[in-house]
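As structure tokens, the structure follows; a few thoughts come after it.
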2 protein chains.
Amino acid sequence: MTGMTAAHSPASAADRPRLGLRERKKIKTREAIRAATYALVEEQGYDATTIDQIADRAEVSPSTVFRYFPTKEDIVLTDEYDPLLLDELRARPADEPWTESIRYVTHRAVQAGIEEDARVSRLRSRLTAEVPAVRSRMMETMSVTGRMICQAVGERTGRDPDSLEVRVYAMSLIGALMEATMYWAEHGHQDDYAELLDRTLDVLEHGLPAEKP
Amino acid sequence: MTGMTAAHSPASAADRPRLGLRERKKIKTREAIRAATYALVEEQGYDATTIDQIADRAEVSPSTVFRYFPTKEDIVLTDEYDPLLLDELRARPADEPWTESIRYVTHRAVQAGIEEDARVSRLRSRLTAEVPAVRSRMMETMSVTGRMICQAVGERTGRDPDSLEVRVYAMSLIGALMEATMYWAEHGHQDDYAELLDRTLDVLEHGLPAEKP
DNA sequence: CCATCTTTTGACAGTTACTCTCATTTCATG
DNA sequence: CATGAAATGAGAGTAACTGTCAAAAGATGG
């Protein structure tokens with residue numbers, strides 16, 4: 001939802017012994033591919049980095065890279081937290097104002113992402129702002145998140161989650177969050193992301209504020 | 001801005017005699033490529049249509065297709081109306097409420113697009129909804145439109161067009177309009193687009209309405 | 001521990017969008 | 001009509017993907 005999610009699976013220690021060797025290897029391969037990609041992208045830039053180079057450094061074949069990630073952009077972007085966030089959204093008290101629930105959950109998402117790996121968070125947002133292909137893919141995944149928000153709105157308010165109004169609301173939220181991320185990256189990540197988020201949600205709730213002093 | 005714009009240049013009759021043979025040929029080639037693409041896409045679908053096929057039918061070389069359009073998606077999507085709409089937005093009376101100006105201009109855009117070629121309008125919105133690559137490209141071009149809206153907001157209200165607030169506002173508008181287009185296409189273009197547009201802008205202005213009866 | 005079954009992997013060939021270069025053609029101009 | 005400029009076509013090249021198939025590696029029952 002925020003593009004800030006980290007490379008490795010959230011639940012780690014608990015199920016490590018449970019998993020067979022096969023599963024453990026898969027996780028390792030996945031991480032190796034991502035680590036190789038991050039390193040190469042920081043060295044050479046995104047476009048200059050090819051799948052073959054990634055495969056080389058991760059010590060797998062190019063075929064394997066595509067087995068793990070459908071597109072090059074997904075290696076950088078994939079975000080496994082969305083379902084968890086949705087659960088958290090659902091778990092909010094039913095009498096809490098909707099906008100507050102959204103505010104809470106978005107803050108949680110950002111916090112989780114940064115805590116996990118601030119460096120990767122920033123690389124991701126930077127690539128989202130700078131590389132059109134990455135930005136597009138990001139928008140696609142966030143649209144999926146948007147549909148989940150529609151579901152949540154429907155559950156909470158009894159509205160039809162497929163109605164134009166709910167869908168428009170969700171997509172305008174997605175667009176706004178996307179722009180906040182880009183703003184953050186374009187300004188060198190110097191602002192406090194949490195504050196940007198609050199200002200973003202304020203605009204959605206109350207429209208453009210009065211002119212500044 | 002709306003993805004509804006037509007294939008041929010808005011000004012047509014007036015400057016025809018002025019243009020040299022070279023310019024006239026260029027326009028013809030451009031139209032030939034687009035016409036070929038529309039036809040092939042309707043026959044076979046978007047993904048099944050290759051650049052080579054398009055070049056064949058348009059009776060040009062593949063090289064020429066890429067000289068005229070940077071990507072395959074652009075052949076379907078390119079929208080020349082944005083600058084005109086921006087002018088119209090600027091021309092609105094300064095005391096008109098901002099939301100009203102937006103409403104007026106978006107309606108004008110849709111109307112212009114449909115009047116020009118309803119069939120192409122629908123094909124475009126259908127492809128935007130159905131083909132991820134087209135949707136992504138659409139989103140990119142609409143983001144550019146968003147930056148223009150930032151400029152216009154800045155001029156009208158004296159706000160900094162690069163501020164987070166203005167940018168977030170513009171992008172949420174873009175996201176909303178995008179979703180309205182998708183909704184329209186997904187429901188087989190059976191709704192009145194103008195009415196969808198009004199409901200969309202209502203959501204942005206007043207948030208989600210009370211539940212339906 | 002071994003045999004067998006299943007999953008994962010790598011090698012390879014193929015497709016397609018897109019880029020670059022260069023010679024040829026086509027239009028503009030004096 | 002000659003000369004210069006712009007547009008075109010042909011062709012080679014790149015890189016992201018897709019699909020197939022045989023080999024390798026882990027799981028499993030005896």
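Labels for the structure tokens follow display order: chains A, B, ..., residues from 1 in each chain, ligands from 1.
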
Please provide as a ChimeraX atom specification all residues within 10 Å of D:DT18, with the sequence filter that same-chain residues fewer than 2 positions apart are discarded (counting only C-alpha atoms (C1' of nucleotides)).
-> /A:66 /C:14-15 /D:20

Can you pull out every residue within 9 Å of A:Pro161, counting only C-alpha atoms (C1' of nucleotides), but drop anything in the same chain fewer than 5 positions away, and send it as a ChimeraX atom specification?
-> /A:147,149-155,166-167

The selected residues should be written to file as a CSV table (one decimal), in the first residue's frame (atoms: C-alpha atoms).
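Once everything was written out, this is result.csv:
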chain,number,residue,atom,x,y,z
A,147,ARG,CA,-10.2,-2.5,-4.4
A,149,ILE,CA,-10.3,-0.6,0.5
A,150,CYS,CA,-13.6,-0.6,-1.4
A,151,GLN,CA,-14.4,-3.9,0.3
A,152,ALA,CA,-13.5,-2.5,3.7
A,153,VAL,CA,-15.6,0.6,3.2
A,154,GLY,CA,-18.5,-1.6,2.1
A,155,GLU,CA,-18.2,-3.7,5.2
A,166,VAL,CA,-16.9,4.0,-3.2
A,167,ARG,CA,-14.5,3.2,-6.0

With a cut-off of 6 Å and counting only C-alpha atoms, select all residues of chain B in contact with chain A and give the selection as a list of chain:residue names.
-> B:Ser136, B:Val168, B:Met171, B:Ser172, B:Gly175, B:Ala176, B:Glu179

May I have the residues from that selection written out with C-alpha atoms, as an mmCIF file, in the first residue's frame?
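out-v8.cif, written as the output of this step:
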data_model
loop_
_atom_site.group_PDB
_atom_site.id
_atom_site.type_symbol
_atom_site.label_atom_id
_atom_site.label_comp_id
_atom_site.auth_asym_id
_atom_site.auth_seq_id
_atom_site.Cartn_x
_atom_site.Cartn_y
_atom_site.Cartn_z
ATOM 1 C CA SER B 136 -0.416 2.464 -17.096
ATOM 2 C CA VAL B 168 -2.108 15.910 -3.652
ATOM 3 C CA MET B 171 -3.490 13.716 -8.126
ATOM 4 C CA SER B 172 -6.569 12.716 -6.173
ATOM 5 C CA GLY B 175 -7.204 9.160 -9.694
ATOM 6 C CA ALA B 176 -10.891 9.815 -9.348
ATOM 7 C CA GLU B 179 -11.668 5.369 -11.890
#

For chain D, which of B:Leu40, B:Val60, B:Leu84, B:Ile33 is the closest residue, counting only C-alpha atoms (C1' of nucleotides)?
-> B:Val60

Considering only C-alpha atoms (C1' of nucleotides), tabulate each residue of chain B that lies at most 9 Å from chain C along with its nearest interatomic pair and the corresponding distance in Å to one decimal; arrange the rows by chain and ascending residue number and present them as JSON lines.
{"residue": "B:Gly20", "atom": "CA", "partner": "C:DA28", "partner_atom": "C1'", "distance": 8.9}
{"residue": "B:Leu21", "atom": "CA", "partner": "C:DC27", "partner_atom": "C1'", "distance": 7.4}
{"residue": "B:Arg22", "atom": "CA", "partner": "C:DC27", "partner_atom": "C1'", "distance": 6.3}
{"residue": "B:Thr50", "atom": "CA", "partner": "C:DT16", "partner_atom": "C1'", "distance": 7.6}
{"residue": "B:Ile51", "atom": "CA", "partner": "C:DA17", "partner_atom": "C1'", "distance": 8.0}
{"residue": "B:Phe66", "atom": "CA", "partner": "C:DC18", "partner_atom": "C1'", "distance": 7.9}
{"residue": "B:Pro70", "atom": "CA", "partner": "C:DC18", "partner_atom": "C1'", "distance": 8.5}
{"residue": "B:Thr71", "atom": "CA", "partner": "C:DC18", "partner_atom": "C1'", "distance": 7.9}
{"residue": "B:Lys72", "atom": "CA", "partner": "C:DA17", "partner_atom": "C1'", "distance": 8.0}

Deliver the residues from the most recent selection as a file, using N, CA and C atoms, as a tab-separated table (two decimals), in the first residue's frame.
chain	number	residue	atom	x	y	z
B	20	GLY	N	2.53	22.50	-46.46
B	20	GLY	CA	3.20	21.94	-47.61
B	20	GLY	C	2.90	20.46	-47.76
B	21	LEU	N	3.30	19.90	-48.83
B	21	LEU	CA	3.04	18.49	-49.11
B	21	LEU	C	3.61	17.60	-48.00
B	22	ARG	N	4.80	17.99	-47.54
B	22	ARG	CA	5.46	17.21	-46.50
B	22	ARG	C	4.58	17.09	-45.25
B	50	THR	N	0.56	-6.81	-33.42
B	50	THR	CA	1.98	-6.45	-33.35
B	50	THR	C	2.25	-5.19	-34.18
B	51	ILE	N	3.39	-4.60	-33.89
B	51	ILE	CA	3.79	-3.41	-34.63
B	51	ILE	C	3.96	-3.73	-36.12
B	66	PHE	N	7.49	3.68	-35.23
B	66	PHE	CA	8.15	4.14	-34.00
B	66	PHE	C	8.59	5.60	-34.10
B	70	PRO	N	6.07	6.83	-29.75
B	70	PRO	CA	7.14	6.26	-28.94
B	70	PRO	C	6.84	4.86	-28.43
B	71	THR	N	5.59	4.57	-28.14
B	71	THR	CA	5.23	3.23	-27.68
B	71	THR	C	3.93	2.78	-28.35
B	72	LYS	N	3.70	1.51	-28.30
B	72	LYS	CA	2.48	0.95	-28.88
B	72	LYS	C	1.24	1.55	-28.20

Within 12 Å of chain A, which residues of chain D come that close, and what is the closest atom pair and distance in Å for each? Count only C-alpha atoms (C1' of nucleotides) and give it as JSON lines.
{"residue": "D:DT14", "atom": "C1'", "partner": "A:Thr50", "partner_atom": "CA", "distance": 10.5}
{"residue": "D:DA15", "atom": "C1'", "partner": "A:Thr50", "partner_atom": "CA", "distance": 7.4}
{"residue": "D:DA16", "atom": "C1'", "partner": "A:Ile51", "partner_atom": "CA", "distance": 8.1}
{"residue": "D:DC17", "atom": "C1'", "partner": "A:Thr71", "partner_atom": "CA", "distance": 8.0}
{"residue": "D:DT18", "atom": "C1'", "partner": "A:Phe66", "partner_atom": "CA", "distance": 9.8}
{"residue": "D:DG19", "atom": "C1'", "partner": "A:Ser63", "partner_atom": "CA", "distance": 10.9}
{"residue": "D:DA25", "atom": "C1'", "partner": "A:Arg22", "partner_atom": "CA", "distance": 9.0}
{"residue": "D:DG26", "atom": "C1'", "partner": "A:Arg22", "partner_atom": "CA", "distance": 6.3}
{"residue": "D:DA27", "atom": "C1'", "partner": "A:Arg22", "partner_atom": "CA", "distance": 8.8}

Out of stretch 19-86 of chain A, which residues get helix (DSSP H, G or I) from DSSP, as a ChimeraX atom specification?
-> /A:21-44,51-58,62-68,72-77,82-86

Expected file: the selected residues, N, CA and C atoms, as a CSV table (one decimal), in the first residue's frame:
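Everything below was put into result.csv:
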chain,number,residue,atom,x,y,z
A,21,LEU,N,13.5,-28.1,3.8
A,21,LEU,CA,14.7,-27.5,3.2
A,21,LEU,C,14.2,-26.8,1.9
A,22,ARG,N,13.3,-27.4,1.2
A,22,ARG,CA,12.8,-26.8,-0.1
A,22,ARG,C,12.3,-25.4,0.1
A,23,GLU,N,11.4,-25.3,1.1
A,23,GLU,CA,10.8,-24.0,1.4
A,23,GLU,C,11.9,-22.9,1.8
A,24,ARG,N,12.8,-23.4,2.6
A,24,ARG,CA,13.9,-22.5,3.1
A,24,ARG,C,14.7,-22.0,1.9
A,25,LYS,N,15.0,-22.9,1.0
A,25,LYS,CA,15.8,-22.5,-0.2
A,25,LYS,C,15.1,-21.5,-1.0
A,26,LYS,N,13.8,-21.7,-1.1
A,26,LYS,CA,13.0,-20.8,-1.9
A,26,LYS,C,13.1,-19.4,-1.4
A,27,ILE,N,12.9,-19.3,-0.1
A,27,ILE,CA,13.0,-18.0,0.6
A,27,ILE,C,14.4,-17.4,0.4
A,28,LYS,N,15.4,-18.2,0.5
A,28,LYS,CA,16.8,-17.7,0.3
A,28,LYS,C,17.0,-17.2,-1.1
A,29,THR,N,16.5,-18.0,-2.1
A,29,THR,CA,16.6,-17.5,-3.5
A,29,THR,C,16.0,-16.2,-3.7
A,30,ARG,N,14.8,-16.1,-3.2
A,30,ARG,CA,14.0,-14.9,-3.3
A,30,ARG,C,14.8,-13.7,-2.8
A,31,GLU,N,15.3,-13.9,-1.6
A,31,GLU,CA,16.1,-12.8,-1.0
A,31,GLU,C,17.4,-12.5,-1.8
A,32,ALA,N,18.0,-13.5,-2.3
A,32,ALA,CA,19.2,-13.3,-3.0
A,32,ALA,C,19.0,-12.5,-4.3
A,33,ILE,N,17.8,-12.8,-5.0
A,33,ILE,CA,17.5,-12.1,-6.2
A,33,ILE,C,17.3,-10.6,-5.8
A,34,ARG,N,16.5,-10.4,-4.8
A,34,ARG,CA,16.2,-9.0,-4.4
A,34,ARG,C,17.5,-8.3,-4.0
A,35,ALA,N,18.3,-8.9,-3.1
A,35,ALA,CA,19.5,-8.3,-2.7
A,35,ALA,C,20.4,-7.9,-3.9
A,36,ALA,N,20.6,-8.8,-4.8
A,36,ALA,CA,21.4,-8.6,-6.0
A,36,ALA,C,20.8,-7.4,-6.8
A,37,THR,N,19.5,-7.3,-6.9
A,37,THR,CA,18.9,-6.3,-7.6
A,37,THR,C,19.1,-4.9,-7.0
A,38,TYR,N,18.9,-4.8,-5.7
A,38,TYR,CA,19.1,-3.6,-4.9
A,38,TYR,C,20.5,-3.1,-5.1
A,39,ALA,N,21.5,-4.0,-5.0
A,39,ALA,CA,22.9,-3.7,-5.1
A,39,ALA,C,23.2,-3.1,-6.5
A,40,LEU,N,22.8,-3.9,-7.5
A,40,LEU,CA,23.1,-3.5,-8.8
A,40,LEU,C,22.4,-2.1,-9.2
A,41,VAL,N,21.2,-2.0,-8.7
A,41,VAL,CA,20.5,-0.7,-9.0
A,41,VAL,C,21.2,0.5,-8.4
A,42,GLU,N,21.7,0.3,-7.2
A,42,GLU,CA,22.4,1.4,-6.5
A,42,GLU,C,23.7,1.7,-7.2
A,43,GLU,N,24.3,0.6,-7.8
A,43,GLU,CA,25.6,0.8,-8.5
A,43,GLU,C,25.4,1.5,-9.8
A,44,GLN,N,24.4,0.9,-10.6
A,44,GLN,CA,24.4,1.3,-12.0
A,44,GLN,C,23.1,2.1,-12.4
A,51,ILE,N,18.4,-8.3,-16.4
A,51,ILE,CA,18.0,-9.5,-15.7
A,51,ILE,C,19.2,-10.5,-15.6
A,52,ASP,N,19.9,-10.5,-16.7
A,52,ASP,CA,21.1,-11.4,-16.7
A,52,ASP,C,22.1,-11.1,-15.6
A,53,GLN,N,22.3,-9.8,-15.5
A,53,GLN,CA,23.2,-9.4,-14.4
A,53,GLN,C,22.7,-9.8,-13.0
A,54,ILE,N,21.4,-9.6,-12.9
A,54,ILE,CA,20.8,-9.9,-11.6
A,54,ILE,C,21.0,-11.4,-11.3
A,55,ALA,N,20.7,-12.2,-12.4
A,55,ALA,CA,20.8,-13.7,-12.2
A,55,ALA,C,22.2,-14.1,-11.9
A,56,ASP,N,23.2,-13.4,-12.6
A,56,ASP,CA,24.6,-13.7,-12.3
A,56,ASP,C,24.9,-13.5,-10.9
A,57,ARG,N,24.6,-12.3,-10.4
A,57,ARG,CA,25.0,-12.0,-9.0
A,57,ARG,C,24.3,-12.8,-8.0
A,58,ALA,N,23.0,-13.1,-8.3
A,58,ALA,CA,22.2,-13.9,-7.3
A,58,ALA,C,22.6,-15.4,-7.5
A,62,PRO,N,18.7,-17.0,-15.3
A,62,PRO,CA,17.6,-16.0,-15.7
A,62,PRO,C,16.2,-16.6,-15.6
A,63,SER,N,16.1,-17.8,-16.0
A,63,SER,CA,14.8,-18.4,-15.9
A,63,SER,C,14.2,-18.3,-14.5
A,64,THR,N,15.1,-18.6,-13.6
A,64,THR,CA,14.7,-18.6,-12.2
A,64,THR,C,14.2,-17.3,-11.7
A,65,VAL,N,14.9,-16.2,-12.2
A,65,VAL,CA,14.5,-14.9,-11.8
A,65,VAL,C,13.0,-14.7,-12.2
A,66,PHE,N,12.7,-15.1,-13.4
A,66,PHE,CA,11.3,-14.9,-13.9
A,66,PHE,C,10.3,-15.8,-13.2
A,67,ARG,N,10.8,-16.9,-12.7
A,67,ARG,CA,9.9,-17.7,-11.9
A,67,ARG,C,9.5,-17.1,-10.6
A,68,TYR,N,10.4,-16.3,-10.1
A,68,TYR,CA,10.1,-15.7,-8.8
A,68,TYR,C,9.4,-14.4,-8.9
A,72,LYS,N,10.5,-7.2,-14.0
A,72,LYS,CA,11.7,-6.6,-13.4
A,72,LYS,C,11.2,-5.7,-12.3
A,73,GLU,N,10.2,-4.9,-12.5
A,73,GLU,CA,9.7,-3.9,-11.6
A,73,GLU,C,9.3,-4.6,-10.3
A,74,ASP,N,8.7,-5.8,-10.4
A,74,ASP,CA,8.2,-6.5,-9.2
A,74,ASP,C,9.3,-6.9,-8.2
A,75,ILE,N,10.5,-7.1,-8.8
A,75,ILE,CA,11.6,-7.4,-7.9
A,75,ILE,C,11.9,-6.3,-6.9
A,76,VAL,N,11.7,-5.1,-7.3
A,76,VAL,CA,11.9,-4.0,-6.5
A,76,VAL,C,10.7,-3.7,-5.6
A,77,LEU,N,9.5,-3.9,-6.1
A,77,LEU,CA,8.3,-3.3,-5.5
A,77,LEU,C,7.5,-4.3,-4.6
A,82,ASP,N,0.0,-5.8,2.3
A,82,ASP,CA,-1.4,-5.4,2.1
A,82,ASP,C,-2.4,-6.2,2.8
A,83,PRO,N,-2.4,-7.5,2.7
A,83,PRO,CA,-3.5,-8.2,3.5
A,83,PRO,C,-3.5,-8.0,5.0
A,84,LEU,N,-2.3,-7.8,5.5
A,84,LEU,CA,-2.2,-7.5,7.0
A,84,LEU,C,-2.8,-6.2,7.3
A,85,LEU,N,-2.6,-5.2,6.4
A,85,LEU,CA,-3.1,-3.9,6.6
A,85,LEU,C,-4.6,-3.9,6.6
A,86,LEU,N,-5.1,-4.7,5.6
A,86,LEU,CA,-6.6,-4.8,5.5
A,86,LEU,C,-7.2,-5.4,6.8

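The space between atom CA of A:Glu186 and atom CA of A:Gly45 spans 16.4 Å.
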
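Put simply, atom CA of A:Arg108 is 9.3 Å away from atom CA of A:Glu88.
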
Nearest to D:DT8 among B:Gln111, B:Ser61, B:Thr49, B:Thr141, with distances taken over only C-alpha atoms (C1' of nucleotides): which residue is it?
-> B:Ser61
